[in-house]
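J.: Supplied structure: final-v1.cif, mmCIF, C-alpha atoms and all ligand atoms.
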data_protein
loop_
_atom_site.group_PDB
_atom_site.id
_atom_site.type_symbol
_atom_site.label_atom_id
_atom_site.label_comp_id
_atom_site.auth_asym_id
_atom_site.auth_seq_id
_atom_site.Cartn_x
_atom_site.Cartn_y
_atom_site.Cartn_z
ATOM 1 C CA MET A 1 5.254 5.025 -1.467
ATOM 2 C CA PRO A 2 3.063 2.062 -2.211
ATOM 3 C CA GLU A 3 -0.448 2.218 -0.757
ATOM 4 C CA PHE A 4 -3.356 -0.214 -1.255
ATOM 5 C CA PRO A 5 -3.605 0.106 -5.081
ATOM 6 C CA GLU A 6 0.109 -0.427 -5.574
ATOM 7 C CA VAL A 7 0.561 -3.297 -3.109
ATOM 8 C CA GLU A 8 -2.595 -5.052 -4.338
ATOM 9 C CA THR A 9 -1.390 -4.660 -7.951
ATOM 10 C CA ILE A 10 1.880 -6.333 -7.002
ATOM 11 C CA ARG A 11 0.040 -9.113 -5.151
ATOM 12 C CA ARG A 12 -2.220 -9.914 -8.097
ATOM 13 C CA GLN A 13 0.626 -9.858 -10.609
ATOM 14 C CA LEU A 14 2.906 -11.947 -8.415
ATOM 15 C CA LEU A 15 0.190 -14.499 -7.859
ATOM 16 C CA ALA A 16 -0.271 -14.852 -11.625
ATOM 17 C CA LYS A 17 3.474 -15.128 -12.209
ATOM 18 C CA ILE A 18 4.910 -17.217 -9.376
ATOM 19 C CA LYS A 19 2.130 -19.260 -7.758
ATOM 20 C CA ASN A 20 3.151 -22.937 -7.643
ATOM 21 C CA LYS A 21 6.695 -22.122 -8.749
ATOM 22 C CA LYS A 22 9.484 -23.836 -6.875
ATOM 23 C CA ILE A 23 12.247 -21.693 -5.410
ATOM 24 C CA LYS A 24 15.530 -23.293 -6.423
ATOM 25 C CA SER A 25 17.684 -20.878 -4.464
ATOM 26 C CA VAL A 26 17.590 -17.510 -2.740
ATOM 27 C CA GLU A 27 20.388 -15.055 -2.256
ATOM 28 C CA VAL A 28 20.204 -12.403 0.464
ATOM 29 C CA LYS A 29 22.683 -9.626 -0.257
ATOM 30 C CA LEU A 30 21.721 -7.409 2.644
ATOM 31 C CA ALA A 31 21.176 -8.995 6.062
ATOM 32 C CA ARG A 32 19.284 -6.007 7.506
ATOM 33 C CA MET A 33 16.392 -6.550 5.081
ATOM 34 C CA ILE A 34 15.503 -9.791 6.857
ATOM 35 C CA ASN A 35 14.750 -10.877 10.425
ATOM 36 C CA VAL A 36 16.773 -14.097 10.715
ATOM 37 C CA PRO A 37 20.388 -14.993 9.917
ATOM 38 C CA VAL A 38 21.067 -15.004 6.175
ATOM 39 C CA ALA A 39 22.058 -18.678 6.162
ATOM 40 C CA SER A 40 18.788 -19.702 7.883
ATOM 41 C CA PHE A 41 16.686 -17.620 5.481
ATOM 42 C CA GLU A 42 18.395 -19.066 2.436
ATOM 43 C CA LYS A 43 18.247 -22.629 3.743
ATOM 44 C CA ILE A 44 14.569 -22.548 4.755
ATOM 45 C CA VAL A 45 13.302 -20.759 1.638
ATOM 46 C CA ALA A 46 15.253 -22.789 -0.936
ATOM 47 C CA GLY A 47 13.300 -25.809 -2.120
ATOM 48 C CA ALA A 48 9.900 -24.450 -1.109
ATOM 49 C CA THR A 49 7.028 -23.766 -3.518
ATOM 50 C CA ILE A 50 4.959 -20.555 -3.565
ATOM 51 C CA LYS A 51 1.568 -21.641 -2.242
ATOM 52 C CA ASP A 52 -0.363 -18.377 -2.076
ATOM 53 C CA ILE A 53 0.058 -14.624 -1.736
ATOM 54 C CA HIS A 54 -2.213 -12.523 0.474
ATOM 55 C CA ARG A 55 -2.218 -8.903 1.546
ATOM 56 C CA ARG A 56 -3.224 -7.151 4.745
ATOM 57 C CA ALA A 57 -2.974 -3.339 4.799
ATOM 58 C CA LYS A 58 0.314 -2.672 2.960
ATOM 59 C CA ILE A 59 1.941 -6.001 3.877
ATOM 60 C CA LEU A 60 2.307 -8.859 1.396
ATOM 61 C CA ILE A 61 2.187 -12.369 2.845
ATOM 62 C CA ILE A 62 3.855 -14.981 0.669
ATOM 63 C CA ASP A 63 2.934 -18.476 1.883
ATOM 64 C CA LEU A 64 5.458 -21.202 1.151
ATOM 65 C CA SER A 65 4.750 -24.931 0.941
ATOM 66 C CA ASN A 66 6.974 -25.719 3.935
ATOM 67 C CA GLY A 67 4.964 -24.074 6.718
ATOM 68 C CA PHE A 68 6.765 -20.738 6.464
ATOM 69 C CA SER A 69 5.635 -17.371 5.104
ATOM 70 C CA ILE A 70 7.550 -14.300 4.000
ATOM 71 C CA LEU A 71 6.045 -10.986 5.092
ATOM 72 C CA VAL A 72 7.108 -8.192 2.732
ATOM 73 C CA HIS A 73 6.649 -4.492 3.465
ATOM 74 C CA LEU A 74 7.734 -2.178 0.666
ATOM 75 C CA LYS A 75 7.520 0.979 2.856
ATOM 76 C CA MET A 76 8.877 3.954 0.844
ATOM 77 C CA THR A 77 10.945 2.551 -2.019
ATOM 78 C CA GLY A 78 10.523 -1.229 -2.117
ATOM 79 C CA GLN A 79 10.175 -2.942 -5.487
ATOM 80 C CA LEU A 80 9.465 -6.580 -6.345
ATOM 81 C CA ILE A 81 10.349 -7.261 -9.962
ATOM 82 C CA TYR A 82 9.851 -10.585 -11.693
ATOM 83 C CA ASP A 83 11.963 -11.183 -14.767
ATOM 84 C CA GLY A 84 11.360 -7.604 -15.825
ATOM 85 C CA LYS A 85 13.320 -4.401 -16.105
ATOM 86 C CA GLU A 86 16.016 -3.502 -13.610
ATOM 87 C CA GLY A 87 14.816 -1.855 -10.401
ATOM 88 C CA THR A 88 16.239 1.171 -8.615
ATOM 89 C CA GLY A 89 19.692 0.491 -7.191
ATOM 90 C CA LYS A 90 20.824 -3.071 -6.591
ATOM 91 C CA PRO A 91 18.586 -6.004 -5.641
ATOM 92 C CA HIS A 92 18.905 -7.022 -1.982
ATOM 93 C CA ILE A 93 17.166 -10.406 -2.238
ATOM 94 C CA ILE A 94 17.115 -12.579 -5.358
ATOM 95 C CA TYR A 95 14.811 -15.603 -5.580
ATOM 96 C CA THR A 96 15.638 -17.996 -8.426
ATOM 97 C CA PHE A 97 12.905 -20.433 -9.453
ATOM 98 C CA SER A 98 13.424 -23.928 -10.849
ATOM 99 C CA ASP A 99 12.517 -22.672 -14.365
ATOM 100 C CA GLY A 100 15.365 -20.141 -14.197
ATOM 101 C CA SER A 101 13.135 -17.075 -13.734
ATOM 102 C CA GLN A 102 13.950 -14.641 -10.917
ATOM 103 C CA LEU A 103 12.125 -12.405 -8.465
ATOM 104 C CA LYS A 104 14.251 -9.496 -7.249
ATOM 105 C CA HIS A 105 13.506 -7.436 -4.157
ATOM 106 C CA TYR A 106 14.940 -3.896 -4.319
ATOM 107 C CA ASP A 107 14.711 -1.191 -1.680
ATOM 108 C CA PHE A 108 17.221 1.584 -2.192
ATOM 109 C CA ARG A 109 16.201 3.556 0.902
ATOM 110 C CA LEU A 110 16.034 0.407 3.006
ATOM 111 C CA PHE A 111 12.926 1.113 5.047
ATOM 112 C CA GLY A 112 11.202 -2.094 3.999
ATOM 113 C CA TYR A 113 11.716 -5.718 4.950
ATOM 114 C CA ALA A 114 11.210 -9.387 4.162
ATOM 115 C CA LYS A 115 10.461 -11.317 7.356
ATOM 116 C CA LEU A 116 10.492 -15.092 7.452
ATOM 117 C CA VAL A 117 7.940 -16.418 9.929
ATOM 118 C CA GLU A 118 5.985 -19.602 10.528
ATOM 119 C CA THR A 119 2.697 -19.478 8.615
ATOM 120 C CA ARG A 120 0.739 -20.369 11.772
ATOM 121 C CA GLU A 121 2.196 -17.221 13.433
ATOM 122 C CA VAL A 122 1.075 -14.833 10.670
ATOM 123 C CA GLU A 123 -2.400 -14.175 12.068
ATOM 124 C CA LYS A 124 -0.954 -13.360 15.488
ATOM 125 C CA ILE A 125 1.640 -10.988 14.002
ATOM 126 C CA LEU A 126 -0.981 -9.149 11.957
ATOM 127 C CA THR A 127 -3.385 -8.942 14.908
ATOM 128 C CA LYS A 128 -0.678 -7.156 16.900
ATOM 129 C CA GLU A 129 -0.595 -4.410 14.246
ATOM 130 C CA LYS A 130 -4.277 -3.633 15.027
ATOM 131 C CA PHE A 131 -5.004 -2.823 11.368
ATOM 132 C CA GLY A 132 -8.348 -1.198 10.592
ATOM 133 C CA PRO A 133 -10.735 -2.612 7.965
ATOM 134 C CA GLU A 134 -9.899 -3.070 4.285
ATOM 135 C CA ILE A 135 -11.811 -0.432 2.302
ATOM 136 C CA LEU A 136 -12.785 -2.636 -0.630
ATOM 137 C CA ASP A 137 -14.030 -5.500 1.552
ATOM 138 C CA ARG A 138 -17.761 -5.931 1.308
ATOM 139 C CA SER A 139 -17.881 -5.768 5.107
ATOM 140 C CA PHE A 140 -16.640 -2.157 5.028
ATOM 141 C CA THR A 141 -19.983 -0.363 4.941
ATOM 142 C CA LEU A 142 -21.092 3.191 5.637
ATOM 143 C CA GLU A 143 -22.298 2.004 9.068
ATOM 144 C CA VAL A 144 -18.869 0.584 9.882
ATOM 145 C CA PHE A 145 -17.185 3.808 8.737
ATOM 146 C CA LYS A 146 -19.590 5.950 10.784
ATOM 147 C CA ASN A 147 -18.918 3.898 13.902
ATOM 148 C CA LEU A 148 -15.168 4.215 13.442
ATOM 149 C CA LEU A 149 -15.410 7.983 12.959
ATOM 150 C CA ALA A 150 -17.576 8.295 16.059
ATOM 151 C CA GLN A 151 -14.633 6.983 18.099
ATOM 152 C CA LYS A 152 -12.321 9.737 16.818
ATOM 153 C CA PRO A 153 -14.360 12.966 17.105
ATOM 154 C CA LYS A 154 -11.357 15.243 17.640
ATOM 155 C CA ALA A 155 -9.151 13.883 14.848
ATOM 156 C CA LYS A 156 -8.374 15.755 11.644
ATOM 157 C CA ILE A 157 -9.769 13.778 8.756
ATOM 158 C CA LYS A 158 -6.766 13.446 6.438
ATOM 159 C CA PRO A 159 -4.208 12.133 8.983
ATOM 160 C CA LEU A 160 -6.960 9.868 10.335
ATOM 161 C CA LEU A 161 -7.533 8.303 6.897
ATOM 162 C CA MET A 162 -3.781 7.554 6.811
ATOM 163 C CA ASP A 163 -3.821 5.888 10.242
ATOM 164 C CA GLN A 164 -3.471 2.147 9.493
ATOM 165 C CA THR A 165 -5.234 1.259 12.748
ATOM 166 C CA PHE A 166 -8.263 3.319 11.641
ATOM 167 C CA ILE A 167 -8.576 2.014 8.083
ATOM 168 C CA ALA A 168 -5.978 -0.030 6.207
ATOM 169 C CA GLY A 169 -4.089 0.742 3.018
ATOM 170 C CA VAL A 170 -4.517 4.515 2.588
ATOM 171 C CA GLY A 171 -1.434 6.731 2.680
ATOM 172 C CA ASN A 172 -0.419 10.259 1.797
ATOM 173 C CA ILE A 173 -1.465 10.190 -1.866
ATOM 174 C CA TYR A 174 -4.944 8.706 -1.722
ATOM 175 C CA SER A 175 -5.969 10.443 1.529
ATOM 176 C CA GLN A 176 -5.562 13.775 -0.317
ATOM 177 C CA GLU A 177 -7.449 12.513 -3.349
ATOM 178 C CA VAL A 178 -10.279 11.172 -1.204
ATOM 179 C CA CYS A 179 -10.659 14.529 0.601
ATOM 180 C CA PHE A 180 -10.815 16.357 -2.751
ATOM 181 C CA CYS A 181 -13.316 13.858 -4.133
ATOM 182 C CA ALA A 182 -15.508 14.297 -1.041
ATOM 183 C CA LYS A 183 -15.111 18.131 -1.159
ATOM 184 C CA ILE A 184 -13.791 18.126 2.405
ATOM 185 C CA LEU A 185 -10.758 20.063 3.644
ATOM 186 C CA PRO A 186 -7.998 17.716 4.899
ATOM 187 C CA THR A 187 -7.926 19.706 8.164
ATOM 188 C CA ARG A 188 -11.606 19.145 9.005
ATOM 189 C CA ILE A 189 -12.290 17.849 12.505
ATOM 190 C CA VAL A 190 -14.281 14.611 12.428
ATOM 191 C CA ALA A 191 -16.998 15.859 14.803
ATOM 192 C CA THR A 192 -17.888 18.663 12.341
ATOM 193 C CA LEU A 193 -18.596 16.304 9.425
ATOM 194 C CA THR A 194 -22.218 16.119 8.320
ATOM 195 C CA GLU A 195 -24.036 12.869 7.463
ATOM 196 C CA GLU A 196 -23.770 13.776 3.787
ATOM 197 C CA GLU A 197 -20.037 14.448 4.032
ATOM 198 C CA ILE A 198 -19.398 11.129 5.783
ATOM 199 C CA LYS A 199 -21.363 9.389 3.057
ATOM 200 C CA ASN A 200 -19.269 11.135 0.409
ATOM 201 C CA LEU A 201 -16.027 10.221 2.157
ATOM 202 C CA CYS A 202 -17.029 6.565 2.278
ATOM 203 C CA ARG A 203 -18.080 6.593 -1.385
ATOM 204 C CA CYS A 204 -14.874 8.399 -2.432
ATOM 205 C CA LEU A 205 -12.636 5.989 -0.499
ATOM 206 C CA LYS A 206 -14.063 3.074 -2.446
ATOM 207 C CA LYS A 207 -14.178 4.981 -5.737
ATOM 208 C CA ILE A 208 -10.608 6.339 -5.658
ATOM 209 C CA LEU A 209 -9.005 3.096 -4.472
ATOM 210 C CA THR A 210 -10.905 1.079 -7.094
ATOM 211 C CA ALA A 211 -9.900 3.451 -9.897
ATOM 212 C CA ALA A 212 -6.257 3.574 -8.783
ATOM 213 C CA LEU A 213 -6.148 -0.229 -8.609
ATOM 214 C CA GLU A 214 -7.547 -0.428 -12.147
ATOM 215 C CA HIS A 215 -4.650 1.792 -13.275
ATOM 216 C CA LYS A 216 -2.090 -0.316 -11.384
ATOM 217 C CA GLY A 217 -1.396 2.516 -8.969
ATOM 218 C CA SER A 218 0.513 5.789 -9.039
ATOM 219 C CA SER A 219 4.220 5.954 -9.843
ATOM 220 C CA VAL A 220 4.916 9.278 -8.155
ATOM 221 C CA ASP A 221 8.145 7.978 -6.654
ATOM 222 C CA SER A 222 10.018 4.742 -7.318
ATOM 223 C CA TYR A 223 6.936 2.521 -7.396
ATOM 224 C CA VAL A 224 6.798 0.092 -10.304
ATOM 225 C CA ASP A 225 4.755 -3.051 -10.797
ATOM 226 C CA VAL A 226 6.081 -6.610 -10.964
ATOM 227 C CA GLY A 227 7.153 -6.123 -14.594
ATOM 228 C CA GLY A 228 9.081 -2.972 -13.661
ATOM 229 C CA GLU A 229 6.397 -0.815 -15.340
ATOM 230 C CA LYS A 230 4.970 2.388 -13.877
ATOM 231 C CA GLY A 231 1.359 2.590 -12.697
ATOM 232 C CA THR A 232 -0.812 4.869 -14.821
ATOM 233 C CA TYR A 233 -2.942 6.686 -12.239
ATOM 234 C CA VAL A 234 -0.726 9.794 -11.874
ATOM 235 C CA PRO A 235 -2.455 11.851 -14.626
ATOM 236 C CA ARG A 236 -5.726 11.237 -12.761
ATOM 237 C CA LEU A 237 -4.470 12.650 -9.454
ATOM 238 C CA LYS A 238 -6.465 15.821 -8.795
ATOM 239 C CA VAL A 239 -4.550 17.499 -5.960
ATOM 240 C CA TYR A 240 -1.600 15.317 -4.906
ATOM 241 C CA GLY A 241 1.672 16.777 -6.218
ATOM 242 C CA ARG A 242 -0.162 19.651 -7.955
ATOM 243 C CA GLU A 243 0.840 22.544 -5.679
ATOM 244 C CA GLY A 244 0.310 25.905 -7.395
ATOM 245 C CA GLU A 245 -1.368 24.340 -10.418
ATOM 246 C CA PRO A 246 -4.940 25.230 -11.409
ATOM 247 C CA CYS A 247 -7.612 23.177 -9.621
ATOM 248 C CA VAL A 248 -9.351 20.772 -12.001
ATOM 249 C CA GLY A 249 -12.685 21.802 -10.451
ATOM 250 C CA CYS A 250 -12.588 25.619 -10.335
ATOM 251 C CA ARG A 251 -9.260 26.664 -11.962
ATOM 252 C CA GLY A 252 -8.226 28.281 -8.650
ATOM 253 C CA LYS A 253 -4.790 27.472 -7.265
ATOM 254 C CA VAL A 254 -4.092 24.160 -5.524
ATOM 255 C CA LYS A 255 -2.682 24.971 -2.086
ATOM 256 C CA THR A 256 -0.200 22.868 -0.109
ATOM 257 C CA ILE A 257 0.336 22.836 3.654
ATOM 258 C CA LYS A 258 2.123 20.597 6.147
ATOM 259 C CA LEU A 259 -0.423 18.539 8.037
ATOM 260 C CA ALA A 260 0.766 16.123 10.722
ATOM 261 C CA GLY A 261 4.202 16.384 9.124
ATOM 262 C CA ARG A 262 3.113 15.517 5.598
ATOM 263 C CA GLY A 263 2.736 17.764 2.562
ATOM 264 C CA THR A 264 -0.980 18.015 1.871
ATOM 265 C CA SER A 265 -2.593 19.611 -1.182
ATOM 266 C CA PHE A 266 -6.187 20.765 -1.568
ATOM 267 C CA CYS A 267 -8.411 23.433 -3.127
ATOM 268 C CA GLU A 268 -9.802 25.983 -0.678
ATOM 269 C CA ALA A 269 -12.697 26.795 -2.989
ATOM 270 C CA CYS A 270 -13.812 23.251 -3.838
ATOM 271 C CA GLN A 271 -13.229 21.735 -0.402
ATOM 272 C CA LYS A 272 -15.042 22.920 2.735
HETATM 273 ZN ZN ZN A 301 -11.130 24.050 -6.853
#
Starting from the file, lay out its structure as structure tokens.
T.:
Amino acid sequence: MPEFPEVETIRRQLLAKIKNKKIKSVEVKLARMINVPVASFEKIVAGATIKDIHRRAKILIIDLSNGFSILVHLKMTGQLIYDGKEGTGKPHIIYTFSDGSQLKHYDFRLFGYAKLVETREVEKILTKEKFGPEILDRSFTLEVFKNLLAQKPKAKIKPLLMDQTFIAGVGNIYSQEVCFCAKILPTRIVATLTEEEIKNLCRCLKKILTAALEHKGSSVDSYVDVGGEKGTYVPRLKVYGREGEPCVGCRGKVKTIKLAGRGTSFCEACQK
């Protein structure tokens, strides 16, 4: 499922492709993907120009020229493909621009959405989600991270990294990679982390997310970028999806457990 590197890749590519383009028409083929009646969505969106595209946590915010914004969450299997290859399944929303190009929103498992809201309401909606800080923001410092951890002494580190109200944008893939990078077991209780380990976690969060973004994310599932192409980070994943394989650090076996309901891989020898 798309996490920060994947959603940010899509945002950057979309911005380059569709900023300032005028939407000639939009066709919603599945009403449950949106939050307003199909006719209203189609009527309001048609004729507007794409003004800007932001991201907060894993949500894309597409600002239109008419005072409305479309909030897109790709959840598990969402895909936004611009004039590229076909996506998985059938497109549920098709935006046609005045130059004839199209942006198609696919989501074969239907967990995601496209919500049409007034732009002036966006801040309020996002505030309600209580998202934690963005890892690659300059304001996310070791001090900030330490203070956040101090509020969650009893939490296990890996599920905590995935908690969007703790920090934003990290999910099941990169939380495992960050723990491996920092040589910390995913089950470690926050209160037992040393200063050095916290420093490593903070460094690894920034390092892993930056590297994954540079590779346009990980296509472990149905994730593809705006051109319909897979991200290229998968061969660089050290523990995620590598159950039973030799650890890249010590050649021991990568172990997988269920942690807070999610499959979690790690190396018992390399991680403490
Ligand atoms: Zn190892």
J.: Using atom CA of Ile18 of chain A and atom CA of Met1 of chain A as the two end points, give the distance in Å to one decimal.
T.: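 Distance between the two atoms: 23.6 Å.
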J.: Nearest residue to ligand ZN 301 (chain A) out of A:Val220, A:Ala168, A:Leu185, A:Ala150, using all atoms listed in the file?
T.: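 Closest residue, counting all atoms listed in the file: A:Leu185.
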J.: Taking the file as shown, find all residues satisfying the PyMOL selection byres (((not hetatm)) within 6 of (chain A and resi 301)) and write them as a list in words.
T.: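 Output from the PyMOL selection byres (((not hetatm)) within 6 of (chain A and resi 301)), applied to this file: Cys247, Gly249, Cys250, Gly252, Cys267, Ala269 and Cys270 of chain A.
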J.: Spell out the residues picked by the PyMOL selection byres (((chain A and resi 69) around 6) and not hetatm) here, as a PDB file with C-alpha atoms, in the frame of the given file.
T.:
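Result written to selection_23.pdb:
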ATOM      1  CA  ILE A  62       3.855 -14.981   0.669  1.00  0.00           C
ATOM      2  CA  ASP A  63       2.934 -18.476   1.883  1.00  0.00           C
ATOM      3  CA  LEU A  64       5.458 -21.202   1.151  1.00  0.00           C
ATOM      4  CA  PHE A  68       6.765 -20.738   6.464  1.00  0.00           C
ATOM      5  CA  ILE A  70       7.550 -14.300   4.000  1.00  0.00           C
ATOM      6  CA  LEU A 116      10.492 -15.092   7.452  1.00  0.00           C
ATOM      7  CA  VAL A 117       7.940 -16.418   9.929  1.00  0.00           C
ATOM      8  CA  GLU A 118       5.985 -19.602  10.528  1.00  0.00           C
ATOM      9  CA  THR A 119       2.697 -19.478   8.615  1.00  0.00           C
TER      10      THR A 119
END
J.: Hey, what's within 10 Å of Ile173 of chain A if we count all atoms listed in the file and toss same-chain stuff fewer than 5 positions away? As a PDB file with C-alpha atoms, keeping the file's coordinate frame, please?
T.:
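Written out: result_11.pdb:
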ATOM      1  CA  MET A   1       5.254   5.025  -1.467  1.00  0.00           C
ATOM      2  CA  PRO A   2       3.063   2.062  -2.211  1.00  0.00           C
ATOM      3  CA  GLU A   3      -0.448   2.218  -0.757  1.00  0.00           C
ATOM      4  CA  MET A 162      -3.781   7.554   6.811  1.00  0.00           C
ATOM      5  CA  VAL A 178     -10.279  11.172  -1.204  1.00  0.00           C
ATOM      6  CA  SER A 218       0.513   5.789  -9.039  1.00  0.00           C
ATOM      7  CA  VAL A 220       4.916   9.278  -8.155  1.00  0.00           C
ATOM      8  CA  LEU A 237      -4.470  12.650  -9.454  1.00  0.00           C
ATOM      9  CA  VAL A 239      -4.550  17.499  -5.960  1.00  0.00           C
ATOM     10  CA  TYR A 240      -1.600  15.317  -4.906  1.00  0.00           C
ATOM     11  CA  GLY A 241       1.672  16.777  -6.218  1.00  0.00           C
ATOM     12  CA  GLY A 263       2.736  17.764   2.562  1.00  0.00           C
ATOM     13  CA  THR A 264      -0.980  18.015   1.871  1.00  0.00           C
ATOM     14  CA  SER A 265      -2.593  19.611  -1.182  1.00  0.00           C
TER      15      SER A 265
END
J.: Name the residues that the PyMOL selection byres (((chain A and resi 93) around 8) and not hetatm) pulls out of this structure, and write them as number ranges by chain.
T.: A: 26-30, 91-92, 94-95, 104-106
J.: Quick one: residues within 8 Å of Pro133 of chain A, all atoms listed in the file counted, chain neighbours fewer than 6 positions away excluded, as a PyMOL selection string?
T.: chain A and resi 140+166-168
J.: Convert the current residue selection to file output with C-alpha atoms, as an mmCIF file, keeping the file's coordinate frame.
T.:
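Ended up saving to selection17.cif:
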data_model
loop_
_atom_site.group_PDB
_atom_site.id
_atom_site.type_symbol
_atom_site.label_atom_id
_atom_site.label_comp_id
_atom_site.auth_asym_id
_atom_site.auth_seq_id
_atom_site.Cartn_x
_atom_site.Cartn_y
_atom_site.Cartn_z
ATOM 1 C CA PHE A 140 -16.640 -2.157 5.028
ATOM 2 C CA PHE A 166 -8.263 3.319 11.641
ATOM 3 C CA ILE A 167 -8.576 2.014 8.083
ATOM 4 C CA ALA A 168 -5.978 -0.030 6.207
#
J.: If I take atom CA of Glu42 of chain A and atom CA of Asn66 of chain A, how far is one from the other in Å, to one decimal?
T.: 13.3 Å
J.: For a test of reading the model, state the distance in Å between atom CA of Leu110 of chain A and atom CA of Val36 of chain A, rounded to one decimal.
T.: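 The value is 16.4 Å.
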J.: Would you mind telling me which residue in A:His54, A:Arg109, A:Leu71, A:Ala191 lies nearest to Gly89 of chain A when using only C-alpha atoms?
T.: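 Looking only at the distances to Gly89 of chain A, the closest residue turns out to be A:Arg109.
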J.: Using all atoms listed in the file, which of the listed residues (A:Leu126, A:Glu6, A:Glu195, A:Met76) sits closest to Thr232 of chain A?
T.: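 Using all atoms listed in the file, the shortest distance to Thr232 of chain A belongs to A:Glu6.
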J.: If we draw a sphere of 7 Å around (0.7, -19.0, -3.1), which residues have at least one atom in it when counting all atoms listed in the file? Please report them as a list of chain:residue names.
T.: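 Every residue inside that radius is included here: A:Leu15, A:Lys19, A:Asn20, A:Ile50, A:Lys51, A:Asp52, A:Ile53, A:Ile62, A:Asp63, A:Leu64.
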J.: Kindly list the centre and edge lengths in Å, rounded to one decimal, for the axis-aligned box that covers all listed atoms of segment 185-197 of chain A plus 5 Å on each of its six sides, as lines of an AutoDock Vina configuration file.
T.:
center_x = -16.0
center_y = 16.5
center_z = 9.2
size_x = 26.1
size_y = 17.2
size_z = 21.2
J.: Could you tell me which of A:Val226, A:Ile257, A:Leu149, A:Ala46 comes closest to Lys199 of chain A if we count only C-alpha atoms?
T.: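 Closest to Lys199 of chain A of all the choices is A:Leu149.
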J.: Using all atoms listed in the file and a cutoff of 12 Å, can you tell me which residues are near (-13.3, 8.4, 14.5) in the file's coordinates, and write them out as a PDB file with C-alpha atoms, in the frame of the given file?
T.:
ATOM      1  CA  GLY A 132      -8.348  -1.198  10.592  1.00  0.00           C
ATOM      2  CA  VAL A 144     -18.869   0.584   9.882  1.00  0.00           C
ATOM      3  CA  PHE A 145     -17.185   3.808   8.737  1.00  0.00           C
ATOM      4  CA  LYS A 146     -19.590   5.950  10.784  1.00  0.00           C
ATOM      5  CA  ASN A 147     -18.918   3.898  13.902  1.00  0.00           C
ATOM      6  CA  LEU A 148     -15.168   4.215  13.442  1.00  0.00           C
ATOM      7  CA  LEU A 149     -15.410   7.983  12.959  1.00  0.00           C
ATOM      8  CA  ALA A 150     -17.576   8.295  16.059  1.00  0.00           C
ATOM      9  CA  GLN A 151     -14.633   6.983  18.099  1.00  0.00           C
ATOM     10  CA  LYS A 152     -12.321   9.737  16.818  1.00  0.00           C
ATOM     11  CA  PRO A 153     -14.360  12.966  17.105  1.00  0.00           C
ATOM     12  CA  LYS A 154     -11.357  15.243  17.640  1.00  0.00           C
ATOM     13  CA  ALA A 155      -9.151  13.883  14.848  1.00  0.00           C
ATOM     14  CA  LYS A 156      -8.374  15.755  11.644  1.00  0.00           C
ATOM     15  CA  ILE A 157      -9.769  13.778   8.756  1.00  0.00           C
ATOM     16  CA  LYS A 158      -6.766  13.446   6.438  1.00  0.00           C
ATOM     17  CA  PRO A 159      -4.208  12.133   8.983  1.00  0.00           C
ATOM     18  CA  LEU A 160      -6.960   9.868  10.335  1.00  0.00           C
ATOM     19  CA  LEU A 161      -7.533   8.303   6.897  1.00  0.00           C
ATOM     20  CA  ASP A 163      -3.821   5.888  10.242  1.00  0.00           C
ATOM     21  CA  THR A 165      -5.234   1.259  12.748  1.00  0.00           C
ATOM     22  CA  PHE A 166      -8.263   3.319  11.641  1.00  0.00           C
ATOM     23  CA  ILE A 167      -8.576   2.014   8.083  1.00  0.00           C
ATOM     24  CA  ILE A 189     -12.290  17.849  12.505  1.00  0.00           C
ATOM     25  CA  VAL A 190     -14.281  14.611  12.428  1.00  0.00           C
ATOM     26  CA  ALA A 191     -16.998  15.859  14.803  1.00  0.00           C
ATOM     27  CA  THR A 192     -17.888  18.663  12.341  1.00  0.00           C
ATOM     28  CA  LEU A 193     -18.596  16.304   9.425  1.00  0.00           C
ATOM     29  CA  ILE A 198     -19.398  11.129   5.783  1.00  0.00           C
TER      30      ILE A 198
END
J.: Which residues, written as a list in words, have at least one atom at most 8 Å from Asn200 of chain A, with all atoms listed in the file counted and residues fewer than 4 positions away on the same chain left out?
T.: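 In the requested form, the answer reads Cys181, Ala182, Glu196 and Cys204 of chain A.
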J.: Nearest residue to Thr194 of chain A out of A:Lys272, A:Arg120, A:Asp225, A:Val7, using only C-alpha atoms?
T.: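 Residue with the minimum atom-to-atom distance to Thr194 of chain A: A:Lys272.
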J.: So which one's closest to Gly100 of chain A, A:Arg138, A:Arg32, A:Lys22, A:Lys58? Using only C-alpha atoms, please.
T.: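 So, comparing all the options, the nearest one is A:Lys22.
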